[in-house]
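What follows is a short report on a single structure.
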Amino acid sequence: MADAELKIFDYDKAEIGEELGSYEYTLTQEMLDAFRSSVDDPEAQFPTLGVKHDATAFAMVYDDPIGTVNAGNEVEFFNPPIVGKKISVKGRIADKYLRRDKPYIVIEATAIDEDGRLLEKLSTYQLKKPDELGKKWHPEQK
Amino acid sequence: MASRAEIKPGETIPSVTKAITEKSILEFESTGILNRENIHNNPELAAKRLGTTYTLASGRMSITFASESLRRFFGAEVFNHTATVNLKFLRPVKAGDTITVTGAVSGSEQTDVGTKVSVDIFCDNQDGNRTAVGIGTAVIK
């Protein structure tokens with residue numbers, strides 16, 4: 001999807017259950033090798049974590065100029081992806097709420113491979129006011 | 001490690017320690033399919049959005065570290081097909097940090113498909129500050 005087609009993300013207009021991008025890609029040996037190298041784990045089986053299925057689905061629909069900070073992740077593992085297989089991902093906005101006056105959304109994505117094997121479900125709790133965390137981490141900065 | 005038939009409350013999981021570098025952060029980002037700039041690979045963007053002088057390691061790197069610890073504890077066959085990892089991120093992780101994952105079994109419950117074992121998970125940096133906390137689970141027969 002081209003950037004020109006992206007919608008500007010508006011927290012107030014985001015809806016729980018809203019579908020995000022659906023997409024396919026083929027897992028390559030290079031992706032697996034780079035992932036394993038980056039986390040220094042030669043036996044890591046889920047390079048899909050590096051692809052960030054849910055955030056990618058969001059980014060295929062929305063341009064978010066304010067940005068976000070990942071406040072938490074939940075992941076369920078079902079089957080390791082196989083190099084050379086096509087992976088299909090569907091994303092959605094699973095929840096939206098205010099906590100301590102800060103806006104959050106929960107995005108989630110489900111991935112299956114071309115043989116219909118369920119691979120992984122990933123959810124991310126996104127704080128849609130990242131400067132608030134920056135102030136918390138570094139109160140000396142304005 | 002073979003899959004565990006009996007796991008007791010309080011039993012500790014293998015500790016995993018990882019050095020975070022600029023290279024590892026960028027390499028992790030490179031496995032994505034969008035090739036977009038973000039707070040993990042663009043210091044200017046991190047400064048603009050967070051006010052930090054550094055890029056952040058993706059929280060999913062900590063998820064992966066915790067996953068390694070759980071995989072070594074439960075065995076790959078159990079982990080790869082039944083595990084969950086749930087982490088809440090408390091502090092930023094950046095290049096130069098060393099993250100250590102520890103944890104212990106907190107409980108278990110019988111399910112239709114086996115015994116679901118829960119593990120408390122902690123991620124701490126080299127200064128002893130907690131960067132993430134959460135729970136992992138897996139189902140053993």
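To be explicit about the labels: the chains of the structure tokens are called A, B, and onward in the order shown, and within each one the residues are counted from 1, while ligands get numbers from 1 in the order they are shown.
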How close does each residue of chain B get to chain A, giving the shortest atom pair and distance in Å to one decimal for every residue with an atom at most 7 Å away, counting only C-alpha atoms, sorted by chain and residue number, as a tab-separated table?
```
residue	atom	partner	partner_atom	distance
B:Ser24	CA	A:Ser38	CA	4.5
B:Ile25	CA	A:Ser38	CA	6.9
B:Glu27	CA	A:Ser38	CA	5.3
B:Phe28	CA	A:Ser38	CA	5.2
B:Glu29	CA	A:Gly50	CA	6.5
B:Thr31	CA	A:Met31	CA	5.3
B:Gly32	CA	A:Val51	CA	3.9
B:Ile33	CA	A:Val51	CA	6.3
B:Arg49	CA	A:Asp131	CA	5.7
B:Leu50	CA	A:Gly134	CA	4.4
B:Gly51	CA	A:Gly134	CA	5.5
B:Thr52	CA	A:Gly134	CA	6.5
B:Gly59	CA	A:Asn70	CA	6.7
B:Arg60	CA	A:Leu49	CA	6.4
B:Met61	CA	A:Val39	CA	6.8
B:Asn80	CA	A:Asn79	CA	5.9
B:His81	CA	A:Phe78	CA	4.2
B:Thr82	CA	A:Phe78	CA	5.9
B:Ala83	CA	A:Phe77	CA	5.4
B:Thr84	CA	A:Glu76	CA	4.4
B:Val85	CA	A:Val75	CA	5.3
B:Asn86	CA	A:Glu74	CA	4.3
B:Leu87	CA	A:Gly72	CA	5.5
B:Lys88	CA	A:Gly72	CA	4.2
B:Phe89	CA	A:Ala71	CA	5.3
```
Kindly export the residues of the current selection with C-alpha atoms, as a PDB file, in the first residue's frame.
```pdb
ATOM      1  CA  SER B  24      21.355  -5.570  17.486  1.00  0.00           C
ATOM      2  CA  ILE B  25      18.614  -2.940  17.668  1.00  0.00           C
ATOM      3  CA  GLU B  27      19.268  -5.733  12.959  1.00  0.00           C
ATOM      4  CA  PHE B  28      16.057  -6.553  14.815  1.00  0.00           C
ATOM      5  CA  GLU B  29      14.321  -3.708  12.996  1.00  0.00           C
ATOM      6  CA  THR B  31      13.705  -8.145   9.910  1.00  0.00           C
ATOM      7  CA  GLY B  32      10.505  -6.198   9.349  1.00  0.00           C
ATOM      8  CA  ILE B  33       8.868  -5.874   5.946  1.00  0.00           C
ATOM      9  CA  ARG B  49       8.536  11.903  19.883  1.00  0.00           C
ATOM     10  CA  LEU B  50      10.062  10.902  23.221  1.00  0.00           C
ATOM     11  CA  GLY B  51      12.608  13.550  24.000  1.00  0.00           C
ATOM     12  CA  THR B  52      15.301  10.915  24.317  1.00  0.00           C
ATOM     13  CA  GLY B  59       9.913  -4.224  23.415  1.00  0.00           C
ATOM     14  CA  ARG B  60       9.603  -7.294  21.240  1.00  0.00           C
ATOM     15  CA  MET B  61      13.303  -7.912  21.805  1.00  0.00           C
ATOM     16  CA  ASN B  80       6.696 -23.572  20.277  1.00  0.00           C
ATOM     17  CA  HIS B  81       3.159 -24.941  20.316  1.00  0.00           C
ATOM     18  CA  THR B  82       1.599 -23.921  23.630  1.00  0.00           C
ATOM     19  CA  ALA B  83       3.415 -20.936  25.110  1.00  0.00           C
ATOM     20  CA  THR B  84       2.282 -17.410  25.810  1.00  0.00           C
ATOM     21  CA  VAL B  85       4.400 -14.440  26.859  1.00  0.00           C
ATOM     22  CA  ASN B  86       2.889 -11.296  28.338  1.00  0.00           C
ATOM     23  CA  LEU B  87       5.186  -8.428  29.287  1.00  0.00           C
ATOM     24  CA  LYS B  88       4.542  -4.912  30.524  1.00  0.00           C
ATOM     25  CA  PHE B  89       7.387  -2.529  29.720  1.00  0.00           C
TER      26      PHE B  89
END
```
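When DSSP is run on the backbone, the residues of region 3-53 of chain B that fall into alpha helix (DSSP H) are Glu22, Lys23, Ser24, Ile25, Leu26, Glu27, Phe28, Glu29, Ser30, Pro43, Glu44, Leu45, Ala46, Ala47, Lys48, Arg49 and Leu50 of chain B.
Nearest to Glu114 (chain A) of all the residues A:Phe58, A:Glu18, A:Lys7, A:Ile82 is A:Ile82, counting only C-alpha atoms.
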Subject >> Which of chain A DSSP labels strand (DSSP E or B), written as a count of residues only >> reply: 57
**OP:** Find the distance between CA of Gly136 (chain B) and CA of Gly103 (chain B) and write it in Å to one decimal.
**Re:** 9.3 Å
Subject >> Within 10 Å of Asn129 (chain B) using only C-alpha atoms, minus same-chain residues under 3 positions, as a PyMOL selection string >> reply: chain B and resi 90-91+99+123-126+132
Using the selection just defined, write its residues with N, CA and C atoms as a PDB file, in the first residue's frame.
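File produced: again.pdb:
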```pdb
ATOM      1  N   LEU B  90       8.429  -1.297  31.493  1.00  0.00           N
ATOM      2  CA  LEU B  90       8.492  -0.305  32.572  1.00  0.00           C
ATOM      3  C   LEU B  90       9.515   0.787  32.333  1.00  0.00           C
ATOM      4  N   ARG B  91      10.603   0.447  31.684  1.00  0.00           N
ATOM      5  CA  ARG B  91      11.679   1.415  31.428  1.00  0.00           C
ATOM      6  C   ARG B  91      12.228   1.182  30.032  1.00  0.00           C
ATOM      7  N   ILE B  99      20.440  -6.797  29.505  1.00  0.00           N
ATOM      8  CA  ILE B  99      19.147  -7.207  30.050  1.00  0.00           C
ATOM      9  C   ILE B  99      19.213  -8.663  30.500  1.00  0.00           C
ATOM     10  N   CYS B 123      12.505  -8.731  33.766  1.00  0.00           N
ATOM     11  CA  CYS B 123      13.642  -8.271  32.965  1.00  0.00           C
ATOM     12  C   CYS B 123      14.273  -7.098  33.707  1.00  0.00           C
ATOM     13  N   ASP B 124      15.572  -7.202  33.946  1.00  0.00           N
ATOM     14  CA  ASP B 124      16.296  -6.159  34.680  1.00  0.00           C
ATOM     15  C   ASP B 124      17.514  -5.723  33.885  1.00  0.00           C
ATOM     16  N   ASN B 125      17.866  -4.448  34.032  1.00  0.00           N
ATOM     17  CA  ASN B 125      19.061  -3.984  33.329  1.00  0.00           C
ATOM     18  C   ASN B 125      20.300  -4.078  34.221  1.00  0.00           C
ATOM     19  N   GLN B 126      21.407  -3.627  33.706  1.00  0.00           N
ATOM     20  CA  GLN B 126      22.701  -3.773  34.400  1.00  0.00           C
ATOM     21  C   GLN B 126      22.760  -2.974  35.696  1.00  0.00           C
ATOM     22  N   ALA B 132      11.010  -4.681  32.542  1.00  0.00           N
ATOM     23  CA  ALA B 132       9.744  -5.309  32.140  1.00  0.00           C
ATOM     24  C   ALA B 132       9.371  -6.366  33.164  1.00  0.00           C
TER      25      ALA B 132
END
```
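Taking CA of Ile13 (chain B) and CA of Thr110 (chain A) as the two end points, the separation is 27.9 Å.
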Find the residues near Val113 (chain B): any atom within 10 Å, counting only C-alpha atoms, skip ones fewer than 4 places away on the same chain, and give them as an mmCIF file with N, CA and C atoms, in the first residue's frame.
```cif
data_model
loop_
_atom_site.group_PDB
_atom_site.id
_atom_site.type_symbol
_atom_site.label_atom_id
_atom_site.label_comp_id
_atom_site.auth_asym_id
_atom_site.auth_seq_id
_atom_site.Cartn_x
_atom_site.Cartn_y
_atom_site.Cartn_z
ATOM 1 N N THR B 82 2.594 -24.191 22.570
ATOM 2 C CA THR B 82 1.599 -23.921 23.630
ATOM 3 C C THR B 82 1.882 -22.658 24.432
ATOM 4 N N VAL B 139 1.713 -25.305 28.299
ATOM 5 C CA VAL B 139 0.892 -26.447 28.689
ATOM 6 C C VAL B 139 1.724 -27.732 28.563
ATOM 7 N N ILE B 140 1.831 -28.438 29.672
ATOM 8 C CA ILE B 140 2.572 -29.697 29.654
ATOM 9 C C ILE B 140 1.584 -30.840 29.848
ATOM 10 N N LYS B 141 1.944 -31.988 29.315
ATOM 11 C CA LYS B 141 1.055 -33.156 29.414
ATOM 12 C C LYS B 141 1.283 -33.883 30.719
#
```
**OP:** Excluding Ile7 (chain B) and any residue of its chain fewer than 2 positions from it, enumerate the residues within 10 Å of it, using only C-alpha atoms, and give them as a PyMOL selection string.
**Re:** chain B and resi 4-5+9-12+73-74+105+107-108+115+117+140
How would the residues just chosen look if you wrote them out with N, CA and C atoms as a PDB file, in the first residue's frame?
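Output contents, as saved in result08.pdb:
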```pdb
ATOM      1  N   ARG B   4       9.028 -30.964  30.375  1.00  0.00           N
ATOM      2  CA  ARG B   4       8.983 -31.305  31.788  1.00  0.00           C
ATOM      3  C   ARG B   4       7.672 -31.968  32.150  1.00  0.00           C
ATOM      4  N   ALA B   5       7.751 -33.120  32.773  1.00  0.00           N
ATOM      5  CA  ALA B   5       6.536 -33.813  33.193  1.00  0.00           C
ATOM      6  C   ALA B   5       6.022 -33.255  34.509  1.00  0.00           C
ATOM      7  N   PRO B   9       5.969 -25.289  41.934  1.00  0.00           N
ATOM      8  CA  PRO B   9       5.924 -23.855  42.200  1.00  0.00           C
ATOM      9  C   PRO B   9       7.240 -23.365  42.803  1.00  0.00           C
ATOM     10  N   GLY B  10       7.689 -22.236  42.354  1.00  0.00           N
ATOM     11  CA  GLY B  10       8.938 -21.671  42.849  1.00  0.00           C
ATOM     12  C   GLY B  10      10.155 -22.077  42.056  1.00  0.00           C
ATOM     13  N   GLU B  11      10.007 -23.102  41.239  1.00  0.00           N
ATOM     14  CA  GLU B  11      11.141 -23.545  40.420  1.00  0.00           C
ATOM     15  C   GLU B  11      11.551 -22.413  39.473  1.00  0.00           C
ATOM     16  N   THR B  12      12.832 -22.158  39.391  1.00  0.00           N
ATOM     17  CA  THR B  12      13.297 -21.035  38.574  1.00  0.00           C
ATOM     18  C   THR B  12      13.526 -21.469  37.130  1.00  0.00           C
ATOM     19  N   PHE B  73      13.348 -23.695  29.442  1.00  0.00           N
ATOM     20  CA  PHE B  73      12.746 -24.315  30.627  1.00  0.00           C
ATOM     21  C   PHE B  73      11.764 -25.425  30.243  1.00  0.00           C
ATOM     22  N   PHE B  74      10.856 -25.102  29.329  1.00  0.00           N
ATOM     23  CA  PHE B  74       9.805 -26.063  28.981  1.00  0.00           C
ATOM     24  C   PHE B  74      10.227 -27.044  27.898  1.00  0.00           C
ATOM     25  N   VAL B 105       8.305 -20.391  38.552  1.00  0.00           N
ATOM     26  CA  VAL B 105       6.946 -20.927  38.402  1.00  0.00           C
ATOM     27  C   VAL B 105       6.056 -20.368  39.509  1.00  0.00           C
ATOM     28  N   GLY B 107       2.486 -21.023  39.455  1.00  0.00           N
ATOM     29  CA  GLY B 107       1.308 -21.836  39.676  1.00  0.00           C
ATOM     30  C   GLY B 107       0.991 -22.710  38.483  1.00  0.00           C
ATOM     31  N   SER B 108      -0.055 -23.503  38.638  1.00  0.00           N
ATOM     32  CA  SER B 108      -0.480 -24.354  37.525  1.00  0.00           C
ATOM     33  C   SER B 108      -1.960 -24.653  37.672  1.00  0.00           C
ATOM     34  N   THR B 115      -1.658 -29.590  31.687  1.00  0.00           N
ATOM     35  CA  THR B 115      -1.448 -28.702  32.829  1.00  0.00           C
ATOM     36  C   THR B 115      -0.836 -27.397  32.348  1.00  0.00           C
ATOM     37  N   VAL B 117       1.063 -24.264  33.052  1.00  0.00           N
ATOM     38  CA  VAL B 117       2.002 -23.778  34.059  1.00  0.00           C
ATOM     39  C   VAL B 117       2.244 -22.288  33.837  1.00  0.00           C
ATOM     40  N   ILE B 140       1.831 -28.438  29.672  1.00  0.00           N
ATOM     41  CA  ILE B 140       2.572 -29.697  29.654  1.00  0.00           C
ATOM     42  C   ILE B 140       1.584 -30.840  29.848  1.00  0.00           C
TER      43      ILE B 140
END
```
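For the atom pair formed by CA of Ser58 (chain B) and CA of Ala94 (chain A), the distance is 20.9 Å, given to one decimal.
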